[in-house]
>>> print(open('entry04.cif').read())   # mmCIF, C-alpha atoms
data_start
loop_
_atom_site.label_atom_id
_atom_site.label_comp_id
_atom_site.auth_asym_id
_atom_site.auth_seq_id
_atom_site.Cartn_x
_atom_site.Cartn_y
_atom_site.Cartn_z
CA MET A 1 15.37 -0.52 36.19
CA ALA A 2 11.88 -1.18 34.82
CA VAL A 3 11.25 -0.98 31.13
CA SER A 4 9.44 2.25 30.26
CA PRO A 5 6.23 1.68 28.24
CA GLU A 6 6.55 5.28 27.01
CA LEU A 7 10.01 4.66 25.57
CA LEU A 8 8.88 1.37 24.09
CA ALA A 9 5.95 3.13 22.42
CA ARG A 10 8.46 5.21 20.41
CA SER A 11 9.26 2.12 18.38
CA PRO A 12 7.30 1.64 15.15
CA TYR A 13 6.70 -1.94 16.41
CA PHE A 14 4.30 -0.71 19.04
CA ALA A 15 2.59 2.16 17.22
CA GLY A 16 -1.14 2.20 17.84
CA LEU A 17 -1.11 0.15 21.06
CA SER A 18 -3.21 1.38 23.96
CA THR A 19 -1.52 2.37 27.22
CA THR A 20 -2.70 -0.88 28.84
CA GLN A 21 -1.37 -2.93 25.92
CA ALA A 22 1.97 -1.07 25.99
CA GLN A 23 2.27 -1.82 29.71
CA ALA A 24 1.55 -5.52 29.10
CA VAL A 25 4.14 -5.61 26.31
CA SER A 26 6.76 -3.95 28.53
CA GLN A 27 6.50 -6.97 30.87
CA LEU A 28 7.87 -9.19 28.09
CA VAL A 29 10.93 -7.01 27.53
CA PHE A 30 14.24 -6.94 29.41
CA GLU A 31 16.61 -3.99 29.77
CA LYS A 32 20.34 -4.24 29.18
CA SER A 33 23.09 -1.59 29.28
CA PHE A 34 26.33 -1.51 27.31
CA THR A 35 29.42 0.68 27.46
CA ARG A 36 31.30 2.23 24.54
CA ASP A 37 32.66 -0.29 21.97
CA GLU A 38 31.03 -3.26 23.69
CA ILE A 39 29.81 -5.91 21.26
CA ILE A 40 26.07 -6.43 21.68
CA ILE A 41 25.55 -9.25 19.20
CA LEU A 42 28.09 -11.06 17.08
CA GLU A 43 27.57 -12.10 13.47
CA GLY A 44 27.15 -15.87 13.17
CA GLU A 45 26.01 -16.49 16.74
CA LYS A 46 22.54 -17.80 17.50
CA ALA A 47 19.96 -15.00 17.44
CA ASP A 48 18.46 -14.85 20.91
CA ALA A 49 16.50 -11.62 20.83
CA LEU A 50 15.29 -8.59 18.97
CA TYR A 51 16.58 -5.28 20.37
CA PHE A 52 15.21 -1.76 20.59
CA VAL A 53 17.49 1.19 21.34
CA ALA A 54 16.20 3.12 24.36
CA SER A 55 19.15 5.55 24.48
CA GLY A 56 22.48 6.00 22.72
CA ALA A 57 23.52 4.76 19.28
CA VAL A 58 24.37 1.28 17.95
CA LYS A 59 26.59 0.56 14.96
CA ILE A 60 25.52 -2.36 12.76
CA PHE A 61 28.24 -3.77 10.52
CA LYS A 62 29.61 -6.76 8.69
CA THR A 63 33.28 -7.63 8.43
CA SER A 64 34.86 -9.16 5.32
CA ALA A 65 37.40 -12.02 5.41
CA GLU A 66 40.13 -9.36 4.96
CA GLY A 67 38.88 -7.53 8.04
CA LYS A 68 37.24 -4.69 6.13
CA GLU A 69 34.26 -3.27 7.97
CA GLN A 70 31.11 -2.17 6.19
CA ILE A 71 28.68 -0.19 8.30
CA LEU A 72 25.15 -1.11 7.30
CA GLU A 73 23.29 1.26 9.55
CA ILE A 74 23.39 3.24 12.77
CA ILE A 75 20.43 2.51 15.00
CA LEU A 76 19.08 5.42 17.04
CA PRO A 77 16.59 5.54 19.94
CA GLY A 78 13.18 4.12 19.06
CA ASN A 79 14.49 1.84 16.34
CA SER A 80 15.25 -1.88 16.36
CA PHE A 81 17.88 -4.32 15.13
CA ASN A 82 18.35 -8.08 14.74
CA ASP A 83 14.72 -8.23 13.61
CA ALA A 84 15.07 -10.70 10.73
CA ALA A 85 17.38 -13.08 12.60
CA ALA A 86 15.15 -13.10 15.69
CA LEU A 87 12.06 -13.71 13.58
CA SER A 88 13.61 -16.44 11.42
CA GLY A 89 15.33 -18.18 14.31
CA GLY A 90 18.69 -18.38 12.62
CA THR A 91 21.98 -16.71 13.46
CA ASN A 92 22.80 -13.01 13.78
CA ARG A 93 23.38 -11.67 10.26
CA TYR A 94 25.66 -8.84 11.45
CA THR A 95 27.55 -7.53 14.45
CA ALA A 96 26.16 -4.73 16.63
CA GLN A 97 28.44 -2.52 18.73
CA ALA A 98 27.70 0.27 21.21
CA MET A 99 28.98 3.66 19.97
CA GLY A 100 28.82 5.07 23.50
CA ALA A 101 26.76 4.31 26.58
CA VAL A 102 23.71 2.44 25.31
CA VAL A 103 20.52 1.19 26.92
CA LEU A 104 18.61 -1.48 25.03
CA TYR A 105 15.29 -3.17 25.42
CA GLY A 106 15.45 -6.81 24.35
CA LEU A 107 12.61 -9.05 23.32
CA PRO A 108 13.57 -12.74 23.56
CA ARG A 109 12.49 -14.96 20.67
CA ASP A 110 9.90 -16.90 22.69
CA LYS A 111 8.34 -13.64 23.91
CA LEU A 112 8.35 -12.29 20.37
CA GLU A 113 6.24 -15.26 19.30
CA ILE A 114 3.74 -14.59 22.11
CA LEU A 115 3.57 -10.95 21.07
CA LEU A 116 2.89 -11.74 17.41
CA LYS A 117 0.20 -14.27 18.34
CA ASP A 118 -1.60 -12.05 20.84
CA TYR A 119 -1.25 -8.60 19.28
CA HIS A 120 -2.31 -8.45 15.64
CA ARG A 121 -1.51 -4.75 15.55
CA VAL A 122 2.13 -5.53 16.38
CA ALA A 123 2.22 -8.23 13.68
CA ARG A 124 1.05 -5.63 11.14
CA ASN A 125 3.62 -3.13 12.40
CA VAL A 126 6.40 -5.74 12.05
CA ILE A 127 5.52 -6.17 8.37
CA GLY A 128 5.88 -2.40 7.89
CA VAL A 129 9.23 -2.29 9.71
CA LEU A 130 10.60 -5.22 7.69
CA ALA A 131 9.39 -3.70 4.42
CA ASP A 132 11.23 -0.45 5.25
CA GLN A 133 14.38 -2.41 6.07
CA ILE A 134 14.20 -4.33 2.77
CA LEU A 135 13.88 -1.09 0.80
CA ARG A 136 16.81 0.53 2.64
CA LEU A 137 19.08 -2.51 2.32
CA THR A 138 18.18 -3.01 -1.35
CA ALA A 139 19.34 0.56 -2.05
CA LEU A 140 22.55 -0.09 -0.10
CA VAL A 141 23.21 -3.32 -2.04
CA ALA A 142 22.77 -1.44 -5.32
CA ASP A 143 25.23 1.24 -4.17
CA LEU A 144 27.82 -1.28 -3.05
CA SER A 145 27.53 -3.67 -5.99
CA PHE A 146 27.35 -1.25 -8.91
CA ARG A 147 30.59 0.35 -7.71
CA THR A 148 29.95 3.76 -9.18
CA VAL A 149 29.82 5.70 -5.92
CA THR A 150 33.62 5.91 -5.64
CA GLY A 151 33.75 7.41 -9.12
CA ARG A 152 30.98 9.89 -8.38
CA LEU A 153 32.75 10.85 -5.18
CA ALA A 154 36.03 11.36 -7.06
CA ARG A 155 34.22 13.81 -9.36
CA ILE A 156 32.76 15.69 -6.37
CA LEU A 157 36.21 15.99 -4.74
CA LEU A 158 37.67 17.39 -7.96
CA ASP A 159 34.79 19.85 -8.31
CA TYR A 160 35.10 21.03 -4.71
CA ALA A 161 38.87 21.15 -4.43
CA ALA A 162 40.19 24.52 -3.34
CA ASP A 163 42.76 25.31 -6.01
CA GLY A 164 42.59 29.09 -5.72
CA SER A 165 40.57 29.55 -8.91
CA ARG A 166 37.15 29.80 -7.25
CA ASP A 167 35.41 29.90 -3.90
CA VAL A 168 34.56 26.45 -2.60
CA ARG A 169 33.20 25.40 0.74
CA PRO A 170 34.07 22.44 2.93
CA LEU A 171 31.82 19.39 2.56
CA SER A 172 30.65 16.97 5.21
CA GLN A 173 30.30 13.25 4.50
CA ARG A 174 26.53 13.66 4.71
CA GLU A 175 26.62 16.35 2.02
CA MET A 176 28.90 14.24 -0.17
CA ALA A 177 26.44 11.34 0.22
CA ALA A 178 23.51 13.51 -0.85
CA MET A 179 25.49 14.78 -3.86
CA ALA A 180 26.60 11.28 -4.89
CA GLY A 181 23.09 9.89 -4.43
CA THR A 182 24.06 7.47 -1.72
CA VAL A 183 24.17 7.12 2.05
CA ARG A 184 26.86 8.39 4.43
CA GLU A 185 28.02 4.85 5.26
CA VAL A 186 29.00 4.24 1.62
CA VAL A 187 30.84 7.58 1.39
CA GLY A 188 33.07 6.58 4.32
CA ARG A 189 33.98 3.34 2.57
CA SER A 190 34.58 5.11 -0.77
CA LEU A 191 36.87 7.73 0.83
CA LYS A 192 38.93 4.91 2.35
CA GLU A 193 39.07 3.22 -1.06
CA LEU A 194 40.34 6.42 -2.71
CA ALA A 195 42.96 6.74 0.03
CA ASP A 196 44.00 3.07 -0.44
CA ARG A 197 44.42 3.73 -4.18
CA GLY A 198 46.75 6.64 -3.39
CA ALA A 199 44.54 9.34 -4.91
CA ILE A 200 43.82 11.19 -1.66
CA ASN A 201 44.97 11.49 1.95
CA LEU A 202 42.58 11.87 4.84
CA ASP A 203 44.18 14.36 7.19
CA ARG A 204 41.77 15.02 10.05
CA HIS A 205 39.43 17.70 8.66
CA ARG A 206 41.19 17.86 5.30
CA ILE A 207 40.93 15.71 2.23
CA VAL A 208 44.21 16.18 0.39
CA ILE A 209 44.18 15.31 -3.30
CA LYS A 210 47.59 13.72 -3.89
CA ASP A 211 47.07 12.55 -7.45
CA ARG A 212 44.58 14.60 -9.43
CA LYS A 213 45.09 12.51 -12.59
CA ALA A 214 44.33 9.25 -10.76
CA LEU A 215 41.22 10.82 -9.25
CA ASP A 216 40.17 12.08 -12.68
CA ASN A 217 40.61 8.58 -14.15
CA ILE A 218 38.46 7.07 -11.41
CA ALA A 219 35.82 9.76 -11.98
CA GLY A 220 36.02 9.20 -15.76
CA ALA A 221 35.49 5.47 -15.40
CA ALA A 222 32.31 6.18 -13.45
CA ASP A 223 31.11 8.70 -16.04
CA GLU A 224 31.29 6.00 -18.73
CA THR A 225 29.15 3.48 -16.84
CA MET B 1 40.13 27.05 9.59
CA LEU B 2 37.89 24.26 10.83
CA ASP B 3 38.74 22.90 14.25
CA LYS B 4 35.43 21.69 15.62
CA PRO B 5 32.17 20.22 14.32
CA LEU B 6 29.56 22.69 13.20
CA ILE B 7 26.32 22.69 15.18
CA ASP B 8 23.17 24.21 13.70
CA PRO B 9 21.03 25.19 16.71
CA ALA B 10 18.00 25.66 14.48
CA LYS B 11 18.07 21.97 13.50
CA CYS B 12 19.25 20.53 16.83
CA ASP B 13 16.44 19.04 18.92
CA GLY B 14 18.70 18.34 21.92
CA CYS B 15 18.31 14.55 21.82
CA GLY B 16 21.89 14.17 23.10
CA VAL B 17 22.88 11.10 21.05
CA CYS B 18 25.95 12.96 19.72
CA VAL B 19 27.05 13.61 23.32
CA SER B 20 26.77 9.90 24.13
CA VAL B 21 29.00 8.79 21.23
CA CYS B 22 31.77 11.45 21.43
CA ARG B 23 35.03 9.66 22.38
CA GLN B 24 36.67 12.89 23.45
CA ALA B 25 33.77 13.86 25.72
CA ALA B 26 33.97 17.13 23.83
CA LEU B 27 30.24 17.62 23.39
CA SER B 28 27.89 18.54 26.20
CA LEU B 29 24.19 19.10 26.53
CA THR B 30 22.84 21.98 28.59
CA GLY B 31 19.07 21.84 28.60
CA LYS B 32 18.36 21.23 24.93
CA THR B 33 21.51 22.92 23.64
CA VAL B 34 24.57 21.00 22.45
CA SER B 35 27.93 22.74 22.67
CA PHE B 36 31.56 21.86 21.95
CA SER B 37 34.27 22.30 24.55
CA ALA B 38 36.87 24.76 23.28
CA GLU B 39 39.66 23.01 25.21
CA THR B 40 39.24 19.68 23.44
CA GLU B 41 40.86 18.80 20.15
CA CYS B 42 38.42 17.04 17.84
CA PRO B 43 39.92 14.06 15.91
CA TRP B 44 37.20 14.43 13.24
CA CYS B 45 35.94 10.86 13.63
CA GLY B 46 32.53 11.97 12.35
CA ASP B 47 30.55 9.80 14.77
CA CYS B 48 28.50 12.81 15.97
CA GLU B 49 27.53 13.61 12.39
CA ALA B 50 26.74 9.97 11.67
CA VAL B 51 24.32 9.59 14.58
CA CYS B 52 22.58 12.97 14.46
CA PRO B 53 18.95 12.23 13.49
CA SER B 54 18.23 15.83 12.45
CA GLY B 55 21.40 16.62 10.51
CA ALA B 56 22.25 19.41 12.95
CA ILE B 57 25.91 18.56 13.49
CA SER B 58 28.48 18.14 10.75
CA CYS B 59 32.22 17.60 10.32
CA PRO B 60 33.00 19.24 7.00
CA TYR B 61 36.26 18.55 5.15
CA GLU B 62 38.36 21.15 3.42
CA ILE B 63 39.33 19.66 0.07
CA ILE B 64 42.77 20.76 -1.09
CA VAL B 65 45.23 19.72 -3.78
CA SER B 66 48.80 18.93 -2.82
CA GLU B 67 50.59 16.96 -5.52
CA GLY B 68 54.22 16.09 -5.68
#
>>> encode(input="entry04.cif", output="structure tokens")
Amino acid sequence: MAVSPELLARSPYFAGLSTTQAQAVSQLVFEKSFTRDEIIILEGEKADALYFVASGAVKIFKTSAEGKEQILEIILPGNSFNDAAALSGGTNRYTAQAMGAVVLYGLPRDKLEILLKDYHRVARNVIGVLADQILRLTALVADLSFRTVTGRLARILLDYAADGSRDVRPLSQREMAAMAGTVREVVGRSLKELADRGAINLDRHRIVIKDRKALDNIAGAADET
Amino acid sequence: MLDKPLIDPAKCDGCGVCVSVCRQAALSLTGKTVSFSAETECPWCGDCEAVCPSGAISCPYEIIVSEG
């Protein structure tokens, strides 16, 4: 199937290109399909291309030595991944996995160099995309390294626990993230941490507080920082 | 009692990414409208919520206390 210049134009990389330019750029790009759970790129392997999501969703994550997975981002149609590794020529800095059926547009490294040389507009766009990524990842690093999110989340769970004394409503992970001042990916990790510490149980659509005192201590530790 | 993700039709733009990631094939897209199949049990993986670009679908948790 031919690469669609219209779909490609949805990427911030190609904003501002004329129709003719977008068509020329689409000749440099290849299309590749993946099925659910298929690994698209593997952390540590040589970076061969930059990818744009044409349809579906891609999970970007790193895995610790203990096998713990940290989701960095979910890439949706129009957005790209493996940018920095493809531009620097090193290895993939993370693993990317298809969350369902996914169609990607790939730009091989040698074609990326042609593009940056011939299309100054694209080079400017790349700077904007990378700047956005730096800002997003810097915020994520702060959340993960300062370790206060788990405490803030513990406080939210205590405040929203249905104990019969007041009306409370269920909370989604996205809402918890907004309340804790973080992103959804960090909330998922923090909930798992609270479960590992024995304070809560995750039971399908229920969060069961097993040890209110432990949760209160974790929340208290965060309040003091 | 919650048994399926909540879909806000006012926010949903019908992009269909949630349908593509659902492991239970419980979500479907008719025109620009996403719906949940009543026959399917949702495992509450939260993938649909995680990928929704407009915040239209959510998997809220009831938070309860059960000590001892």
>>> interface_residues(input="entry04.cif", of="chain A", to="chain B", cutoff="9 Å", atoms="only C-alpha atoms", output="count of residues only")
40
>>> resolve_selection(input="entry04.cif", expression="the PyMOL selection byres ((chain A and resi 79) around 6)", output="number ranges by chain")
A: 11, 52-53, 76-78, 80
>>> residues_around(input="entry04.cif", residues="A:Ser88", least_positions_apart="6", cutoff="12 Å", atoms="all atoms listed in the file", output="ChimeraX atom specification")
/A:46-50,82,109-110,112-113
>>> closest_residue(input="entry04.cif", among="A:Glu31, A:Ala214, A:Gly181, A:Phe14", to="A:Leu104", atoms="only C-alpha atoms")
A:Glu31
>>> resolve_selection(input="entry04.cif", expression="the PyMOL selection byres ((chain A and resi 60) around 9)", output="PDB file with C-alpha atoms, keeping the file's coordinate frame")
ATOM      1  CA  VAL A  58      24.370   1.280  17.950  1.00  0.00           C
ATOM      2  CA  LYS A  59      26.590   0.560  14.960  1.00  0.00           C
ATOM      3  CA  PHE A  61      28.240  -3.770  10.520  1.00  0.00           C
ATOM      4  CA  LYS A  62      29.610  -6.760   8.690  1.00  0.00           C
ATOM      5  CA  GLN A  70      31.110  -2.170   6.190  1.00  0.00           C
ATOM      6  CA  ILE A  71      28.680  -0.190   8.300  1.00  0.00           C
ATOM      7  CA  LEU A  72      25.150  -1.110   7.300  1.00  0.00           C
ATOM      8  CA  GLU A  73      23.290   1.260   9.550  1.00  0.00           C
ATOM      9  CA  ILE A  74      23.390   3.240  12.770  1.00  0.00           C
ATOM     10  CA  ILE A  75      20.430   2.510  15.000  1.00  0.00           C
ATOM     11  CA  PHE A  81      17.880  -4.320  15.130  1.00  0.00           C
ATOM     12  CA  TYR A  94      25.660  -8.840  11.450  1.00  0.00           C
ATOM     13  CA  THR A  95      27.550  -7.530  14.450  1.00  0.00           C
ATOM     14  CA  ALA A  96      26.160  -4.730  16.630  1.00  0.00           C
ATOM     15  CA  GLN A  97      28.440  -2.520  18.730  1.00  0.00           C
TER      16      GLN A  97
END
>>> atom_distance(input="entry04.cif", atom1="atom CA of A:Gly220", atom2="atom CA of A:Asp203")
24.9 Å
>>> residues_around(input="entry04.cif", residues="A:Gln23", least_positions_apart="6", cutoff="12 Å", atoms="only C-alpha atoms", output="ChimeraX atom specification")
/A:2-9,14,17,29
>>> atom_distance(input="entry04.cif", atom1="atom CA of A:Lys111", atom2="atom CA of A:Ile41")
18.4 Å
>>> residues_near_point(input="entry04.cif", point="(22.7, 20.7, 15.0)", cutoff="7 Å", atoms="only C-alpha atoms", output="PDB file with C-alpha atoms, in the frame of the given file")
ATOM      1  CA  ILE B   7      26.320  22.690  15.180  1.00  0.00           C
ATOM      2  CA  ASP B   8      23.170  24.210  13.700  1.00  0.00           C
ATOM      3  CA  PRO B   9      21.030  25.190  16.710  1.00  0.00           C
ATOM      4  CA  ALA B  10      18.000  25.660  14.480  1.00  0.00           C
ATOM      5  CA  LYS B  11      18.070  21.970  13.500  1.00  0.00           C
ATOM      6  CA  CYS B  12      19.250  20.530  16.830  1.00  0.00           C
ATOM      7  CA  GLY B  55      21.400  16.620  10.510  1.00  0.00           C
ATOM      8  CA  ALA B  56      22.250  19.410  12.950  1.00  0.00           C
ATOM      9  CA  ILE B  57      25.910  18.560  13.490  1.00  0.00           C
TER      10      ILE B  57
END
>>> atom_distance(input="entry04.cif", atom1="atom CA of B:Asp13", atom2="atom CA of A:Gly128")
26.3 Å
>>> resolve_selection(input="entry04.cif", expression="the PyMOL selection byres ((chain A and resi 152) around 9)", output="ChimeraX atom specification")
/A:148-151,153-157,179-181,218-220,222-223
>>> closest_residue(input="entry04.cif", among="A:Ala22, A:Gly90, A:Ala15, A:Tyr105", to="A:Tyr51", atoms="all atoms listed in the file")
A:Tyr105
